[in-house]
Amino acid sequence: MTEDLGTTQILLDLLNLDGEDQARTDEDIFIGHTPAQTRPRVFGGQVLAQSIMAATRTVEPSRAIHSLHGYFLRPGDPSQNITFGVQRLRDGRSFSARRVHAYQNGEPILSMITSFQEPAAGLEHHDPMPIDVPAPESLPTTADLVGHFDHPVAKEWAFERPFDVRHISEPIYLPSDSPNAADSAVWLRTTSSMPDDPALHRAALAYASDYLLLEPVLRAHGVPWIHRGLSIASLDHAMWWHRDFRVDEWLLYVLHSPSASSARGLGTGKFYNQAGELVATVAQEGMIRLPEFSEGS
């Protein structure tokens with residue numbers, strides 16, 4: 001792996017929350033920071049990942065997160081820190097449940113419930129990995145695709161993300177002549193090695209899961225990311241972790257949109273390791289507004 005410690009260190013820094021591991025009222029309180037960015041609002045994947053790390057700090061180390069269900073309630077302000085309040089809902093023999101609220105200005109920007117589990121043996125099966133997928137090293141990087149554009153968002157995507165994303169489906173950063181289809185796939189991994197802590201890898205995958213989850217909605221209708229007047233925002237997020245993995249090794253992210261209606265689109269995704277094992281599944285509904293559908297048009 002080509003080491004790029006700068007961008008991976010940004011990821012590790014934002015996952016390293018401030019706070020004491022003791023309850024204040026009925027919540028454990030932690031503080032998260034946002035790295036410098038050009039976007040006017042905090043990336044949703046960041047808030048998810050930081051919420052996971054806050055909840056993880058209140059659970060026995062032997063219990064790994066296996067699911068989350070959350071709602072994005074307000075856009076986050078990148079100029080302010082984020083306060084995370086963790087409520088310890090239950091600690092059973094095998095499972096622990098936590099409620100996390102991410103706050104700014106005293107108001108929640110994310111509300112999430114997570115579940116953690118002790119390792120256990122049981123039935124095993126998973127959907128198969130798609131066949132005939134090109135090797136990640138044979139595909140262009142995001143920098144190859146958009147790094148030459150003199151635009152701050154393009155520069156951020158190309159050079160400042162902590163993940164190396166390689167598109168298998170033709171990218172839709174720009175208008176494309178490829179057939180409309182509600183499917184997409186990419187390879188991704190962090191730009192350099194990560195510590196061995198499995199909790200960091202699970203939180204980092206939640207971070208990356210928010211990159212492209214709504215792209216199949218746009219792709220189904222031939223809408224590129226630069227479509228004039230496009231307004232897109234995540235509404236909710238659900239994720240299930242099935243098996244251990246490393247985010248500093250290539251993972252195949254297979255995406256699909258089963259439906260879009262009422263200015264909302266649903267995206268689903270599956271993560272596979274290079275051995276073909278399904279390691280995580282994710283789903284998200286987002287608001288997608290186009291000016292040609294606005295009132296009075």
# chains A, B, ... in the order shown; residues from 1 in each chain; ligands from 1

call {"tool": "closest_atom_pairs", "arguments": {"of": "region 182-286 of chain A", "to": "region 47-59 of chain A", "cutoff": "6 Å", "atoms": "only C-alpha atoms", "output": "CSV"}}
result
residue,atom,partner,partner_atom,distance
A:Ala203,CA,A:Ala49,CA,4.7
A:Ala206,CA,A:Ala49,CA,5.8
A:Tyr207,CA,A:Ala49,CA,5.3

call {"tool": "select_by_dssp", "arguments": {"residues": "region 21-269 of chain A", "states": "strand (DSSP E or B)", "output": "ChimeraX atom specification"}}
result
/A:23-24,27-32,64-72,82-91,95-104,107-117,163-167,183-190,231-234,236-241,251-261,264-269

call {"tool": "atom_distance", "arguments": {"atom1": "CA of Ala280 (chain A)", "atom2": "CA of Tyr103 (chain A)"}}
result
27.2 Å

call {"tool": "residues_around", "arguments": {"residues": "region 259-276 of chain A", "least_positions_apart": "3", "cutoff": "9 Å", "atoms": "only C-alpha atoms", "output": "ChimeraX atom specification"}}
result
/A:128-130,182,209,212-218,235,245-246,249-256,279-290,293

call {"tool": "residues_around", "arguments": {"residues": "region 10-21 of chain A", "least_positions_apart": "4", "cutoff": "6 Å", "atoms": "only C-alpha atoms", "output": "CSV table (one decimal) with C-alpha atoms, in the first residue's frame"}}
result
chain,number,residue,atom,x,y,z
A,30,PHE,CA,-17.6,13.2,24.6
A,31,ILE,CA,-16.4,15.9,22.3
A,32,GLY,CA,-15.6,15.5,18.6
A,33,HIS,CA,-13.7,17.8,16.2
A,50,GLN,CA,-17.7,9.7,15.9

call {"tool": "closest_residue", "arguments": {"among": "A:Val223, A:Gly45, A:Met194, A:Lys155", "to": "Asn180 (chain A)", "atoms": "only C-alpha atoms"}}
result
A:Val223

call {"tool": "closest_atom_pairs", "arguments": {"of": "region 186-249 of chain A", "to": "region 64-80 of chain A", "cutoff": "6 Å", "atoms": "only C-alpha atoms", "output": "JSON lines"}}
result
{"residue": "A:Leu235", "atom": "CA", "partner": "A:Phe72", "partner_atom": "CA", "distance": 5.2}
{"residue": "A:Asp236", "atom": "CA", "partner": "A:Tyr71", "partner_atom": "CA", "distance": 4.2}
{"residue": "A:His237", "atom": "CA", "partner": "A:Gly70", "partner_atom": "CA", "distance": 5.3}
{"residue": "A:Ala238", "atom": "CA", "partner": "A:His69", "partner_atom": "CA", "distance": 4.5}
{"residue": "A:Met239", "atom": "CA", "partner": "A:Leu68", "partner_atom": "CA", "distance": 5.4}
{"residue": "A:Trp240", "atom": "CA", "partner": "A:Ser67", "partner_atom": "CA", "distance": 4.3}
{"residue": "A:Trp241", "atom": "CA", "partner": "A:His66", "partner_atom": "CA", "distance": 4.7}

call {"tool": "atom_distance", "arguments": {"atom1": "CA of Arg189 (chain A)", "atom2": "CA of Pro35 (chain A)"}}
result
19.7 Å

call {"tool": "residues_around", "arguments": {"residues": "Pro175 (chain A)", "least_positions_apart": "2", "cutoff": "9 Å", "atoms": "only C-alpha atoms", "output": "list of chain:residue names"}}
result
A:Ile172, A:Tyr173, A:Asp177, A:Gly222, A:Val223, A:Pro224, A:Trp225, A:Ile226, A:His227

call {"tool": "closest_residue", "arguments": {"among": "A:Ser115, A:Ser192, A:Ser294, A:Thr141", "to": "Arg99 (chain A)", "atoms": "only C-alpha atoms"}}
result
A:Ser115

call {"tool": "select_by_dssp", "arguments": {"residues": "region 39-270 of chain A", "states": "helix (DSSP H, G or I)", "output": "PyMOL selection string"}}
result
chain A and resi 44-56+136-138+142-146+152-159+198-209+215-220

call {"tool": "closest_residue", "arguments": {"among": "A:Val247, A:Ala135, A:Ile29, A:Leu123", "to": "Gln87 (chain A)", "atoms": "only C-alpha atoms"}}
result
A:Ile29

call {"tool": "residues_around", "arguments": {"residues": "Glu27 (chain A)", "least_positions_apart": "5", "cutoff": "8 Å", "atoms": "only C-alpha atoms", "output": "JSON, numbers by chain"}}
result
{"A": [85, 86, 87, 88]}

call {"tool": "write_last_selection", "arguments": {"atoms": "N, CA and C atoms", "output": "short mmCIF file (atom, residue, chain, number, x, y, z; two decimals), in the first residue's frame"}}
result
data_model
loop_
_atom_site.label_atom_id
_atom_site.label_comp_id
_atom_site.auth_asym_id
_atom_site.auth_seq_id
_atom_site.Cartn_x
_atom_site.Cartn_y
_atom_site.Cartn_z
N GLY A 85 -23.64 12.67 23.45
CA GLY A 85 -24.18 12.16 24.69
C GLY A 85 -24.62 10.72 24.51
N VAL A 86 -24.06 9.82 25.30
CA VAL A 86 -24.33 8.39 25.18
C VAL A 86 -25.15 7.93 26.38
N GLN A 87 -26.32 7.37 26.12
CA GLN A 87 -27.17 6.81 27.17
C GLN A 87 -27.04 5.30 27.16
N ARG A 88 -26.77 4.72 28.32
CA ARG A 88 -26.58 3.27 28.43
C ARG A 88 -27.95 2.62 28.63
#

call {"tool": "atom_distance", "arguments": {"atom1": "CA of His167 (chain A)", "atom2": "CA of Asp248 (chain A)"}}
result
17.1 Å
